[in-house]
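Listing of final16.csv, CSV, C-alpha atoms
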```
chain,number,residue,atom,x,y,z
Q,192,MET,CA,-90.5,173.5,-274.3
Q,193,ASN,CA,-93.4,171.9,-272.4
Q,194,ILE,CA,-95.9,169.7,-274.2
Q,195,GLU,CA,-98.8,171.6,-272.6
Q,196,GLU,CA,-97.9,174.6,-274.8
Q,197,TYR,CA,-99.2,172.5,-277.7
Q,198,ASN,CA,-102.5,171.6,-276.2
Q,199,TYR,CA,-106.0,172.9,-277.2
Q,200,ASP,CA,-109.6,171.9,-276.6
Q,201,LEU,CA,-111.5,170.4,-279.5
Q,202,PRO,CA,-115.2,169.6,-279.4
Q,203,GLY,CA,-115.6,165.9,-280.3
Q,204,GLU,CA,-118.2,166.7,-283.0
Q,205,LEU,CA,-115.5,168.5,-285.1
Q,206,ILE,CA,-113.5,165.3,-285.5
Q,207,ALA,CA,-114.4,164.2,-289.1
Q,208,GLN,CA,-115.6,160.6,-289.1
Q,209,THR,CA,-116.1,160.2,-292.9
Q,210,PRO,CA,-114.6,161.9,-296.0
Q,211,LEU,CA,-116.7,164.4,-298.0
Q,212,LYS,CA,-118.4,163.1,-301.1
Q,213,ASN,CA,-116.1,165.3,-303.2
Q,214,ARG,CA,-112.5,165.5,-302.0
Q,215,SER,CA,-111.9,169.1,-303.0
Q,216,ASP,CA,-115.1,170.4,-301.3
Q,217,SER,CA,-113.2,170.7,-298.0
Q,218,LYS,CA,-112.7,174.0,-296.4
Q,219,LEU,CA,-109.3,175.6,-296.7
Q,220,LEU,CA,-107.9,178.1,-294.2
Q,221,VAL,CA,-105.1,180.1,-295.8
Q,222,MET,CA,-102.6,181.6,-293.3
Q,223,ASP,CA,-99.7,184.0,-293.9
Q,224,LYS,CA,-96.9,182.3,-291.9
Q,225,THR,CA,-95.3,185.6,-291.0
Q,226,THR,CA,-98.3,187.8,-290.0
Q,227,GLY,CA,-100.8,185.0,-289.1
Q,228,GLU,CA,-103.4,186.7,-291.3
Q,229,LEU,CA,-106.2,184.3,-292.2
Q,230,GLN,CA,-108.5,183.7,-295.2
Q,231,GLU,CA,-111.2,181.1,-295.4
Q,232,THR,CA,-112.1,179.5,-298.7
Q,233,ILE,CA,-112.8,176.1,-300.4
Q,234,PHE,CA,-109.9,173.7,-301.1
Q,235,ARG,CA,-110.3,173.7,-304.8
Q,236,ASN,CA,-109.4,177.4,-304.7
Q,237,ILE,CA,-105.9,176.4,-303.7
Q,238,ILE,CA,-105.0,177.0,-307.3
Q,239,ASP,CA,-105.6,180.7,-306.8
Q,240,TYR,CA,-102.7,180.8,-304.3
Q,241,LEU,CA,-100.2,179.1,-306.5
Q,242,ASN,CA,-98.2,180.8,-309.2
Q,243,PRO,CA,-96.6,179.6,-312.5
Q,244,LYS,CA,-93.1,178.2,-311.8
Q,245,ASP,CA,-94.1,177.2,-308.2
Q,246,ILE,CA,-93.5,173.5,-307.3
Q,247,LEU,CA,-95.9,171.4,-305.4
Q,248,VAL,CA,-94.3,168.3,-303.7
Q,249,LEU,CA,-96.6,165.3,-303.1
Q,250,ASN,CA,-96.0,162.1,-301.2
Q,251,ASP,CA,-97.0,159.2,-303.5
Q,252,THR,CA,-96.9,156.5,-300.9
Q,253,LYS,CA,-99.8,154.0,-300.9
Q,254,VAL,CA,-101.4,152.7,-297.8
Q,255,ILE,CA,-101.5,148.9,-297.4
Q,256,PRO,CA,-104.4,147.2,-295.6
Q,257,ALA,CA,-102.1,146.8,-292.7
Q,258,ARG,CA,-104.4,146.1,-289.8
Q,259,LEU,CA,-104.7,142.3,-289.1
Q,260,ILE,CA,-106.8,140.5,-286.5
Q,261,GLY,CA,-105.7,137.0,-285.8
Q,262,GLU,CA,-105.1,134.6,-283.0
Q,263,LYS,CA,-102.3,132.8,-281.2
Q,264,GLU,CA,-101.8,129.4,-282.7
Q,265,ASP,CA,-101.6,127.7,-279.2
Q,266,THR,CA,-104.2,129.5,-277.1
Q,267,HIS,CA,-106.4,131.1,-279.7
Q,268,ALA,CA,-106.1,134.5,-277.9
Q,269,VAL,CA,-107.1,137.4,-280.2
Q,270,ILE,CA,-104.1,139.4,-281.4
Q,271,GLU,CA,-104.1,142.6,-283.5
Q,272,LEU,CA,-101.0,143.5,-285.6
Q,273,LEU,CA,-100.5,146.7,-287.5
Q,274,LEU,CA,-97.8,146.3,-290.1
Q,275,LEU,CA,-95.6,149.4,-289.8
Q,276,LYS,CA,-92.5,148.9,-291.8
Q,277,ASN,CA,-91.0,146.2,-294.1
Q,278,ILE,CA,-87.5,145.7,-292.7
Q,279,GLU,CA,-86.4,143.2,-295.4
Q,280,GLY,CA,-87.9,140.3,-297.2
Q,281,ASP,CA,-90.8,139.0,-295.1
Q,282,ILE,CA,-89.5,140.6,-291.9
Q,283,TRP,CA,-91.8,143.4,-290.6
Q,284,GLU,CA,-91.9,145.8,-287.7
Q,285,CYS,CA,-95.4,145.8,-286.2
Q,286,LEU,CA,-97.4,147.4,-283.5
Q,287,SER,CA,-99.1,144.6,-281.5
Q,288,ARG,CA,-102.0,144.5,-279.1
Q,289,PRO,CA,-101.9,143.1,-276.5
Q,290,GLN,CA,-98.1,142.7,-276.6
Q,291,LYS,CA,-98.0,141.0,-273.2
Q,292,ARG,CA,-99.4,137.9,-274.7
Q,293,LEU,CA,-96.6,137.7,-277.2
Q,294,HIS,CA,-93.1,136.1,-276.8
Q,295,VAL,CA,-90.3,135.3,-279.1
Q,296,GLY,CA,-91.4,132.2,-281.0
Q,297,THR,CA,-95.1,132.9,-280.8
Q,298,ILE,CA,-97.1,132.1,-283.9
Q,299,ILE,CA,-100.1,134.2,-284.9
Q,300,THR,CA,-102.5,132.9,-287.5
Q,301,PHE,CA,-104.7,135.0,-289.8
Q,302,GLY,CA,-107.5,133.8,-292.1
Q,303,GLY,CA,-107.4,130.2,-290.9
Q,304,GLY,CA,-103.7,130.0,-291.7
Q,305,LEU,CA,-103.6,131.8,-295.0
Q,306,LEU,CA,-101.1,134.0,-293.3
Q,307,LYS,CA,-99.0,133.5,-290.2
Q,308,ALA,CA,-96.6,135.7,-288.3
Q,309,GLU,CA,-93.8,134.4,-286.1
Q,310,VAL,CA,-92.5,136.8,-283.4
Q,311,THR,CA,-88.7,137.1,-283.7
Q,312,GLU,CA,-88.2,140.1,-281.3
Q,313,LYS,CA,-90.1,142.1,-278.7
Q,314,LYS,CA,-89.3,145.8,-278.3
Q,315,ASP,CA,-90.7,148.7,-276.3
Q,316,GLU,CA,-94.0,150.6,-276.8
Q,317,GLY,CA,-95.9,147.5,-278.2
Q,318,ILE,CA,-93.5,147.0,-281.1
Q,319,VAL,CA,-92.6,143.5,-282.3
Q,320,ILE,CA,-90.6,142.2,-285.2
Q,321,VAL,CA,-92.2,139.3,-287.0
Q,322,LYS,CA,-91.5,137.0,-289.9
Q,323,LEU,CA,-94.5,136.6,-292.2
Q,324,LEU,CA,-95.2,133.0,-293.4
Q,325,TYR,CA,-97.5,132.5,-296.5
Q,326,ASP,CA,-97.8,131.0,-299.9
Q,327,GLY,CA,-98.5,133.3,-302.9
Q,328,ILE,CA,-98.3,137.1,-303.2
Q,329,LEU,CA,-98.3,139.0,-299.9
Q,330,MET,CA,-100.2,142.1,-301.1
Q,331,GLU,CA,-103.0,139.9,-302.5
Q,332,ILE,CA,-103.3,138.1,-299.1
Q,333,LEU,CA,-103.4,141.5,-297.3
Q,334,ASP,CA,-106.1,142.7,-299.6
Q,335,LYS,CA,-108.2,139.6,-298.4
Q,336,LEU,CA,-107.4,139.7,-294.7
Q,337,GLY,CA,-106.3,143.2,-293.8
Q,338,THR,CA,-108.2,146.4,-293.3
Q,339,MET,CA,-107.2,150.0,-293.7
Q,340,PRO,CA,-105.5,151.2,-290.5
Q,341,LEU,CA,-107.8,154.1,-289.7
Q,342,PRO,CA,-106.8,156.2,-286.7
Q,343,PRO,CA,-108.5,155.3,-283.4
Q,344,TYR,CA,-110.5,158.6,-283.3
Q,345,ILE,CA,-112.4,157.5,-286.4
Q,346,HIS,CA,-115.3,155.3,-285.3
Q,347,GLU,CA,-117.3,155.1,-288.5
Q,348,LYS,CA,-116.7,152.3,-291.0
Q,349,LEU,CA,-115.1,153.4,-294.2
Q,350,SER,CA,-117.4,152.1,-297.0
Q,351,ASP,CA,-114.9,152.9,-299.8
Q,352,GLN,CA,-111.3,151.9,-298.9
Q,353,SER,CA,-109.9,154.0,-301.7
Q,354,ARG,CA,-111.0,157.2,-299.8
Q,355,TYR,CA,-108.1,156.6,-297.4
Q,356,GLN,CA,-105.7,156.8,-300.4
Q,357,THR,CA,-104.6,159.9,-302.4
Q,358,VAL,CA,-105.6,159.8,-306.1
Q,359,TYR,CA,-101.9,159.7,-306.9
Q,360,ALA,CA,-100.9,156.9,-304.5
Q,361,LYS,CA,-98.4,154.6,-306.2
Q,362,ASN,CA,-95.6,153.1,-304.0
Q,363,ILE,CA,-97.0,150.5,-301.5
Q,364,GLY,CA,-95.7,150.7,-298.0
Q,365,SER,CA,-97.6,153.1,-295.6
Q,366,ALA,CA,-99.4,152.3,-292.4
Q,367,ALA,CA,-101.3,155.6,-292.6
Q,368,ALA,CA,-102.3,157.9,-295.4
Q,369,PRO,CA,-100.5,161.2,-296.0
Q,370,THR,CA,-103.8,163.0,-295.3
Q,371,ALA,CA,-103.1,166.4,-296.7
Q,372,GLY,CA,-103.1,164.9,-300.2
Q,373,LEU,CA,-106.6,163.4,-299.7
Q,374,HIS,CA,-108.1,166.8,-300.8
Q,375,PHE,CA,-106.8,166.6,-304.4
Q,376,THR,CA,-108.7,165.3,-307.3
Q,377,ASN,CA,-107.2,164.3,-310.6
Q,378,GLU,CA,-109.1,167.2,-312.2
Q,379,LEU,CA,-107.7,169.7,-309.7
Q,380,LEU,CA,-104.1,168.4,-310.2
Q,381,GLU,CA,-104.5,168.8,-314.0
Q,382,GLN,CA,-105.8,172.4,-313.5
Q,383,ILE,CA,-102.8,173.2,-311.3
Q,384,LYS,CA,-100.4,171.8,-313.9
Q,385,ALA,CA,-102.1,173.8,-316.6
Q,386,LYS,CA,-101.4,176.9,-314.6
Q,387,GLY,CA,-97.7,176.3,-314.9
Q,388,VAL,CA,-97.1,174.7,-311.5
Q,389,THR,CA,-94.8,171.7,-311.5
Q,390,LEU,CA,-95.8,168.6,-309.6
Q,391,VAL,CA,-93.0,166.7,-307.9
Q,392,TYR,CA,-93.4,163.3,-306.2
Q,393,VAL,CA,-91.4,162.0,-303.3
Q,394,THR,CA,-92.1,158.9,-301.2
Q,395,LEU,CA,-92.2,158.5,-297.5
Q,396,HIS,CA,-93.8,155.4,-296.1
Q,397,VAL,CA,-95.8,156.7,-293.1
Q,398,GLY,CA,-95.2,154.6,-290.0
Q,399,LEU,CA,-95.1,155.1,-286.2
Q,400,GLY,CA,-93.0,158.2,-286.4
Q,401,THR,CA,-95.8,160.3,-287.8
Q,402,PHE,CA,-98.6,159.4,-285.5
Q,403,ARG,CA,-97.0,158.2,-282.3
Q,404,PRO,CA,-98.1,160.6,-279.4
Q,405,VAL,CA,-95.5,162.6,-277.5
Q,406,GLU,CA,-95.4,161.1,-274.0
Q,407,VAL,CA,-92.7,163.3,-272.4
Q,408,SER,CA,-93.3,166.7,-270.9
Q,409,ASP,CA,-90.2,168.2,-272.4
Q,410,ILE,CA,-90.8,167.8,-276.2
Q,411,THR,CA,-87.0,168.0,-277.0
Q,412,LYS,CA,-86.7,164.6,-275.3
Q,413,HIS,CA,-89.2,163.0,-277.7
Q,414,HIS,CA,-87.7,160.3,-279.9
Q,415,MET,CA,-89.2,159.9,-283.4
Q,416,HIS,CA,-89.4,156.5,-285.0
Q,417,SER,CA,-87.7,156.3,-288.4
Q,418,GLU,CA,-89.6,156.1,-291.7
Q,419,TYR,CA,-88.3,155.1,-295.1
Q,420,TYR,CA,-88.1,157.8,-297.8
Q,421,VAL,CA,-87.1,158.1,-301.5
Q,422,LEU,CA,-86.1,161.2,-303.4
Q,423,SER,CA,-85.5,160.5,-307.1
Q,424,LYS,CA,-83.0,162.1,-309.4
Q,425,GLU,CA,-85.8,163.7,-311.5
Q,426,ALA,CA,-87.3,165.2,-308.3
Q,427,ALA,CA,-84.0,166.4,-307.0
Q,428,ASP,CA,-83.0,168.1,-310.3
Q,429,THR,CA,-86.4,169.8,-310.5
Q,430,LEU,CA,-86.2,171.1,-306.9
Q,431,ASN,CA,-82.6,172.3,-307.3
Q,432,ASN,CA,-83.7,174.3,-310.4
Q,433,ALA,CA,-86.8,175.8,-308.8
Q,434,LYS,CA,-87.7,179.3,-310.2
Q,435,GLY,CA,-90.7,179.7,-307.9
Q,436,LYS,CA,-91.7,178.7,-304.4
Q,437,ILE,CA,-91.6,175.1,-303.1
Q,438,TYR,CA,-94.8,174.0,-301.4
Q,439,ALA,CA,-95.0,170.7,-299.6
Q,440,VAL,CA,-98.2,168.8,-299.5
Q,441,GLY,CA,-98.3,167.4,-296.0
Q,442,THR,CA,-95.8,167.0,-293.2
Q,443,THR,CA,-94.5,163.7,-294.7
Q,444,SER,CA,-93.3,165.5,-297.9
Q,445,THR,CA,-91.9,168.2,-295.7
Q,446,ARG,CA,-89.9,165.7,-293.7
Q,447,VAL,CA,-88.4,164.2,-296.8
Q,448,LEU,CA,-87.3,167.5,-298.2
Q,449,GLU,CA,-85.9,168.9,-295.0
Q,450,THR,CA,-84.1,165.7,-294.2
Q,451,VAL,CA,-82.3,165.8,-297.6
Q,452,ARG,CA,-81.4,169.5,-297.4
Q,453,LYS,CA,-80.2,169.1,-293.8
Q,454,GLU,CA,-77.9,166.2,-294.7
Q,455,HIS,CA,-76.7,167.3,-298.1
Q,456,ASP,CA,-77.3,171.1,-298.2
Q,457,LYS,CA,-79.0,170.6,-301.5
Q,458,PHE,CA,-81.4,168.1,-303.1
Q,459,VAL,CA,-79.7,164.9,-304.1
Q,460,PRO,CA,-81.1,161.6,-305.2
Q,461,CYS,CA,-81.2,159.4,-302.2
Q,462,SER,CA,-83.2,157.0,-300.0
Q,463,GLY,CA,-83.0,155.9,-296.4
Q,464,ASN,CA,-84.7,156.3,-293.1
Q,465,THR,CA,-85.5,159.6,-291.4
Q,466,ASP,CA,-86.3,160.3,-287.8
Q,467,ILE,CA,-86.2,164.1,-288.2
Q,468,PHE,CA,-88.2,165.9,-285.6
Q,469,ILE,CA,-89.2,169.4,-286.6
Q,470,TYR,CA,-90.3,171.7,-283.8
Q,471,PRO,CA,-90.0,175.5,-283.1
Q,472,GLY,CA,-86.5,176.7,-283.5
Q,473,PHE,CA,-85.9,174.4,-286.6
Q,474,GLU,CA,-84.4,176.2,-289.6
Q,475,PHE,CA,-86.3,175.3,-292.8
Q,476,LYS,CA,-84.0,175.0,-295.8
Q,477,ALA,CA,-86.3,173.2,-298.3
Q,478,ILE,CA,-89.9,174.5,-298.3
Q,479,ASP,CA,-91.6,177.9,-298.5
Q,480,GLY,CA,-95.0,176.8,-297.4
Q,481,LEU,CA,-97.1,173.8,-296.6
Q,482,ILE,CA,-100.6,172.4,-297.3
Q,483,THR,CA,-101.7,170.4,-294.3
Q,484,ASN,CA,-104.6,169.2,-292.2
Q,485,PHE,CA,-105.6,170.2,-288.7
Q,486,HIS,CA,-103.6,168.0,-286.2
Q,487,LEU,CA,-104.1,166.4,-282.9
Q,488,PRO,CA,-103.3,168.3,-279.7
Q,489,LYS,CA,-99.8,167.7,-278.3
Q,490,SER,CA,-98.7,166.0,-281.6
Q,491,THR,CA,-95.4,166.2,-283.4
Q,492,LEU,CA,-97.3,167.4,-286.4
Q,493,LEU,CA,-98.7,170.4,-284.5
Q,494,MET,CA,-95.2,171.2,-283.5
Q,495,LEU,CA,-94.0,171.0,-287.1
Q,496,VAL,CA,-96.5,173.5,-288.4
Q,497,SER,CA,-95.7,175.8,-285.4
Q,498,ALA,CA,-92.1,175.7,-286.4
Q,499,LEU,CA,-93.0,176.9,-289.9
Q,500,SER,CA,-95.0,179.9,-288.6
Q,501,SER,CA,-95.2,180.3,-284.8
Q,502,LYS,CA,-97.1,178.5,-282.0
Q,503,GLU,CA,-99.2,181.6,-281.4
Q,504,ASN,CA,-100.2,181.9,-285.1
Q,505,ILE,CA,-101.1,178.2,-285.4
Q,506,LEU,CA,-103.1,178.1,-282.2
Q,507,ASN,CA,-104.9,181.3,-283.2
Q,508,ALA,CA,-105.7,179.6,-286.6
Q,509,TYR,CA,-107.0,176.5,-284.8
Q,510,ASP,CA,-109.2,178.7,-282.5
Q,511,TYR,CA,-110.6,180.3,-285.7
Q,512,ALA,CA,-111.2,176.9,-287.2
Q,513,ILE,CA,-113.0,175.6,-284.1
Q,514,LYS,CA,-115.3,178.7,-284.0
Q,515,HIS,CA,-116.1,178.3,-287.7
Q,516,ASP,CA,-116.9,174.6,-287.6
Q,517,PHE,CA,-113.9,173.3,-289.6
Q,518,ARG,CA,-113.6,169.5,-289.6
Q,519,PHE,CA,-110.4,168.2,-287.9
Q,520,PHE,CA,-107.8,165.4,-288.5
Q,521,SER,CA,-107.5,162.8,-291.2
Q,522,PHE,CA,-110.8,163.3,-293.1
Q,523,GLY,CA,-111.1,166.9,-292.0
Q,524,ASP,CA,-110.4,170.3,-293.7
Q,525,ALA,CA,-107.1,171.8,-294.7
Q,526,MET,CA,-104.7,174.7,-294.1
Q,527,PHE,CA,-102.3,176.4,-296.5
Q,528,ILE,CA,-99.4,178.0,-294.6
Q,529,LYS,CA,-97.7,180.3,-297.1
```

Re-express the file's structure as structure tokens.
Amino acid sequence: MNIEEYNYDLPGELIAQTPLKNRSDSKLLVMDKTTGELQETIFRNIIDYLNPKDILVLNDTKVIPARLIGEKEDTHAVIELLLLKNIEGDIWECLSRPQKRLHVGTIITFGGGLLKAEVTEKKDEGIVIVKLLYDGILMEILDKLGTMPLPPYIHEKLSDQSRYQTVYAKNIGSAAAPTAGLHFTNELLEQIKAKGVTLVYVTLHVGLGTFRPVEVSDITKHHMHSEYYVLSKEAADTLNNAKGKIYAVGTTSTRVLETVRKEHDKFVPCSGNTDIFIYPGFEFKAIDGLITNFHLPKSTLLMLVSALSSKENILNAYDYAIKHDFRFFSFGDAMFIK
């Protein structure tokens, strides 16, 4: 499978730069995954497509202000770190720029020394392992020094940092938001529950695996970076006893559920790291449908949604979305593939 098969042309003005004033005012493109039939509506009307006894699975990860700008302690050269994954204690996997200036033993200082990072290992693709050095509580320090790690295609400054969090964000650890969930308000979630739909929460800390571009022509040769996930006993029991359909909110929730079903053939309480790569030919065992945003050309996320329906159906839906001025990517509009 060639990467160019998952390419499409997107006018730059359709890349959403800021979130809408009301989260649930986004457009929603509903697609039948089998026939490809499309319906256009508003996101808050998602409730009309859900039935009592259905289960909606949401990723409750919380984004940390993971983007840090500092300087080398010796030369004062400017260094950017993006905290990707907490390995253990104060040891973190980071994306660095420019990595060529960093070596094992390099000290990077932030906020005049309020936080320091010592490079303990250099890896490929800009990845470094660092030990963070500080006094106090790390998350309080990051709140002072860090910024939300917005994707590079967003050029507008985010005035309200909470808009890059879901309203149900709880477990700290992501380097990017699970953006399909950004459309939900607390009010809409209460209405969905009142209809008899069960909400189930899983955790996947979004890291490099979700947004790293595919850089090989044969997509089957792409390697996904692993991301940490948790499926609780309560969630596993609810999913195993599902009487209706199981709909994932976002590709991250999908990856948790499909990882667990692939490894255990049922839902079991577990945690660990997943590098599951879902592309056409994948056999879905966990979900019946997916609420998701519109994804970048040539991305693993575009391949995942193509696997759930077909590449032809997805690209046709994207063509419709472009012609009808849908907003794309993180702060953009949504799709419901059912």

Exercise. If you count all atoms listed in the file, which residues fall within 7 Å of region 325-336 of chain Q, apart from same-chain ones fewer than 3 positions away, as a ChimeraX atom specification?
Worked result: /Q:256,259,302,305-307

For this session: Find, counting all atoms listed in the file, the residue in Q:Cys285, Q:Val405, Q:Ala368, Q:Val321 that gets nearest to Met339 (chain Q).
Result: Q:Ala368

For this session: Work out how far CA of Pro471 (chain Q) is from CA of Leu495 (chain Q), in Å to one decimal.
Result: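 Answer for the CA of Leu495 (chain Q) to CA of Pro471 (chain Q) separation: 7.2 Å.
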
Exercise. For the atom pair CA of Thr445 (chain Q) and CA of His374 (chain Q), what is the interatomic distance in Å to one decimal place?
Worked result: 17.0 Å

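With all atoms listed in the file as the basis for measurement, Q:Leu373 is the residue among Q:Leu373, Q:Val295, Q:Ala360, Q:Ala512 that approaches Lys212 (chain Q) most closely.
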
Exercise. In Å, with one decimal, what is the gap from CA of Asp516 (chain Q) to CA of Gly480 (chain Q)?
Worked result: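 Computed distance, CA of Asp516 (chain Q) to CA of Gly480 (chain Q), equals 24.1 Å.
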
For this session: Would you mind telling me which residue in Q:Val447, Q:Ala525, Q:Leu273, Q:Ala367 lies nearest to Leu341 (chain Q) when using only C-alpha atoms?
Result: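 For Leu341 (chain Q), the nearest of the candidates is Q:Ala367.
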
For this session: Point out the residue among Q:Phe517, Q:Phe468, Q:Tyr344, Q:Tyr511 with the least atom-to-atom distance to Glu228 (chain Q), counting all atoms listed in the file.
Result: Q:Tyr511

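Among the candidate residues Q:Gln290, Q:Asn377, Q:Asn198, Q:Asn432, the one lying nearest to Ile246 (chain Q) is Q:Asn432, with distances computed using all atoms listed in the file.
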
Exercise. Which one is closest to Ile467 (chain Q): Q:Leu492, Q:Ala207, Q:Met415, Q:Ile513? Count only C-alpha atoms.
Worked result: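 Using only C-alpha atoms, Ile467 (chain Q) sits closest to Q:Met415.
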
Problem set entry | Neighbour list for His413 (chain Q) as a VMD selection string, cut-off 12 Å, only C-alpha atoms, skip fewer than 6 positions in-chain | chain Q and resid 192 to 194 400 403 to 407 466 to 470 489 to 491 494

For this session: Scan for residues within 12 Å of the point (-96.1, 180.2, -308.5) in the coordinates of the file, using all atoms listed in the file, and reply as a list of chain:residue names.
Result: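 Selection result: Q:Ile237, Q:Ile238, Q:Asp239, Q:Tyr240, Q:Leu241, Q:Asn242, Q:Pro243, Q:Lys244, Q:Asp245, Q:Ile246, Q:Leu247, Q:Ile383, Q:Lys384, Q:Ala385, Q:Lys386, Q:Gly387, Q:Val388, Q:Thr389, Q:Leu390, Q:Ala433, Q:Lys434, Q:Gly435, Q:Lys436, Q:Ile437, Q:Tyr438, Q:Asp479, Q:Gly480, Q:Lys529.
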
The selected residues should be written to file as a PDB file, in the frame of the given file (atoms: C-alpha atoms).
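Just written: again.pdb:
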```pdb
ATOM      1  CA  ILE Q 237    -105.900 176.400-303.700  1.00  0.00           C
ATOM      2  CA  ILE Q 238    -105.000 177.000-307.300  1.00  0.00           C
ATOM      3  CA  ASP Q 239    -105.600 180.700-306.800  1.00  0.00           C
ATOM      4  CA  TYR Q 240    -102.700 180.800-304.300  1.00  0.00           C
ATOM      5  CA  LEU Q 241    -100.200 179.100-306.500  1.00  0.00           C
ATOM      6  CA  ASN Q 242     -98.200 180.800-309.200  1.00  0.00           C
ATOM      7  CA  PRO Q 243     -96.600 179.600-312.500  1.00  0.00           C
ATOM      8  CA  LYS Q 244     -93.100 178.200-311.800  1.00  0.00           C
ATOM      9  CA  ASP Q 245     -94.100 177.200-308.200  1.00  0.00           C
ATOM     10  CA  ILE Q 246     -93.500 173.500-307.300  1.00  0.00           C
ATOM     11  CA  LEU Q 247     -95.900 171.400-305.400  1.00  0.00           C
ATOM     12  CA  ILE Q 383    -102.800 173.200-311.300  1.00  0.00           C
ATOM     13  CA  LYS Q 384    -100.400 171.800-313.900  1.00  0.00           C
ATOM     14  CA  ALA Q 385    -102.100 173.800-316.600  1.00  0.00           C
ATOM     15  CA  LYS Q 386    -101.400 176.900-314.600  1.00  0.00           C
ATOM     16  CA  GLY Q 387     -97.700 176.300-314.900  1.00  0.00           C
ATOM     17  CA  VAL Q 388     -97.100 174.700-311.500  1.00  0.00           C
ATOM     18  CA  THR Q 389     -94.800 171.700-311.500  1.00  0.00           C
ATOM     19  CA  LEU Q 390     -95.800 168.600-309.600  1.00  0.00           C
ATOM     20  CA  ALA Q 433     -86.800 175.800-308.800  1.00  0.00           C
ATOM     21  CA  LYS Q 434     -87.700 179.300-310.200  1.00  0.00           C
ATOM     22  CA  GLY Q 435     -90.700 179.700-307.900  1.00  0.00           C
ATOM     23  CA  LYS Q 436     -91.700 178.700-304.400  1.00  0.00           C
ATOM     24  CA  ILE Q 437     -91.600 175.100-303.100  1.00  0.00           C
ATOM     25  CA  TYR Q 438     -94.800 174.000-301.400  1.00  0.00           C
ATOM     26  CA  ASP Q 479     -91.600 177.900-298.500  1.00  0.00           C
ATOM     27  CA  GLY Q 480     -95.000 176.800-297.400  1.00  0.00           C
ATOM     28  CA  LYS Q 529     -97.700 180.300-297.100  1.00  0.00           C
TER      29      LYS Q 529
END
```

Problem set entry | Spatial neighbours of Lys424 (chain Q), max dist 10 Å, only C-alpha atoms, sep filter under 5 positions, as a ChimeraX atom specification | /Q:429-430,458-461

Exercise. Excluding same-chain residues fewer than 5 positions from Asp200 (chain Q), what lies within 12 Å of it counting all atoms listed in the file, as number ranges by chain?
Worked result: Q: 195, 205-206, 486-489, 506, 509-510, 512-514, 519

For this session: Find the residues near Ala366 (chain Q): any atom within 12 Å, counting only C-alpha atoms, skip ones fewer than 5 places away on the same chain, and give them as a VMD selection string.
Result: chain Q and resid 252 to 259 272 to 277 283 to 286 337 to 342 355 to 356 395 to 403 418 to 419

Missing atoms of region 519-528 of chain Q rebuilt to N, CA, C and O atoms, written as a PDB file, keeping the file's coordinate frame:
```pdb
ATOM      1  N   PHE Q 519    -111.792 168.417-288.349  1.00  0.00           N
ATOM      2  CA  PHE Q 519    -110.400 168.200-287.900  1.00  0.00           C
ATOM      3  C   PHE Q 519    -109.937 166.763-288.251  1.00  0.00           C
ATOM      4  O   PHE Q 519    -110.707 165.840-288.425  1.00  0.00           O
ATOM      5  N   PHE Q 520    -108.597 166.654-288.332  1.00  0.00           N
ATOM      6  CA  PHE Q 520    -107.800 165.400-288.500  1.00  0.00           C
ATOM      7  C   PHE Q 520    -107.951 164.770-289.845  1.00  0.00           C
ATOM      8  O   PHE Q 520    -108.160 165.472-290.833  1.00  0.00           O
ATOM      9  N   SER Q 521    -107.801 163.464-289.947  1.00  0.00           N
ATOM     10  CA  SER Q 521    -107.500 162.800-291.200  1.00  0.00           C
ATOM     11  C   SER Q 521    -108.514 163.094-292.335  1.00  0.00           C
ATOM     12  O   SER Q 521    -108.123 163.343-293.477  1.00  0.00           O
ATOM     13  N   PHE Q 522    -109.802 163.025-292.039  1.00  0.00           N
ATOM     14  CA  PHE Q 522    -110.800 163.300-293.100  1.00  0.00           C
ATOM     15  C   PHE Q 522    -111.344 164.720-292.985  1.00  0.00           C
ATOM     16  O   PHE Q 522    -112.386 165.035-293.571  1.00  0.00           O
ATOM     17  N   GLY Q 523    -110.617 165.566-292.293  1.00  0.00           N
ATOM     18  CA  GLY Q 523    -111.100 166.900-292.000  1.00  0.00           C
ATOM     19  C   GLY Q 523    -110.641 167.912-293.125  1.00  0.00           C
ATOM     20  O   GLY Q 523    -110.233 167.557-294.232  1.00  0.00           O
ATOM     21  N   ASP Q 524    -110.730 169.188-292.765  1.00  0.00           N
ATOM     22  CA  ASP Q 524    -110.400 170.300-293.700  1.00  0.00           C
ATOM     23  C   ASP Q 524    -108.905 170.562-293.684  1.00  0.00           C
ATOM     24  O   ASP Q 524    -108.138 169.889-292.989  1.00  0.00           O
ATOM     25  N   ALA Q 525    -108.532 171.573-294.459  1.00  0.00           N
ATOM     26  CA  ALA Q 525    -107.100 171.800-294.700  1.00  0.00           C
ATOM     27  C   ALA Q 525    -106.663 173.227-294.384  1.00  0.00           C
ATOM     28  O   ALA Q 525    -107.478 174.146-294.306  1.00  0.00           O
ATOM     29  N   MET Q 526    -105.356 173.370-294.229  1.00  0.00           N
ATOM     30  CA  MET Q 526    -104.700 174.700-294.100  1.00  0.00           C
ATOM     31  C   MET Q 526    -103.648 174.825-295.161  1.00  0.00           C
ATOM     32  O   MET Q 526    -103.032 173.827-295.568  1.00  0.00           O
ATOM     33  N   PHE Q 527    -103.452 176.058-295.605  1.00  0.00           N
ATOM     34  CA  PHE Q 527    -102.300 176.400-296.500  1.00  0.00           C
ATOM     35  C   PHE Q 527    -101.512 177.442-295.761  1.00  0.00           C
ATOM     36  O   PHE Q 527    -101.963 178.578-295.611  1.00  0.00           O
ATOM     37  N   ILE Q 528    -100.340 177.064-295.284  1.00  0.00           N
ATOM     38  CA  ILE Q 528     -99.400 178.000-294.600  1.00  0.00           C
ATOM     39  C   ILE Q 528     -98.448 178.491-295.612  1.00  0.00           C
ATOM     40  O   ILE Q 528     -97.618 177.725-296.122  1.00  0.00           O
TER      41      ILE Q 528
END
```
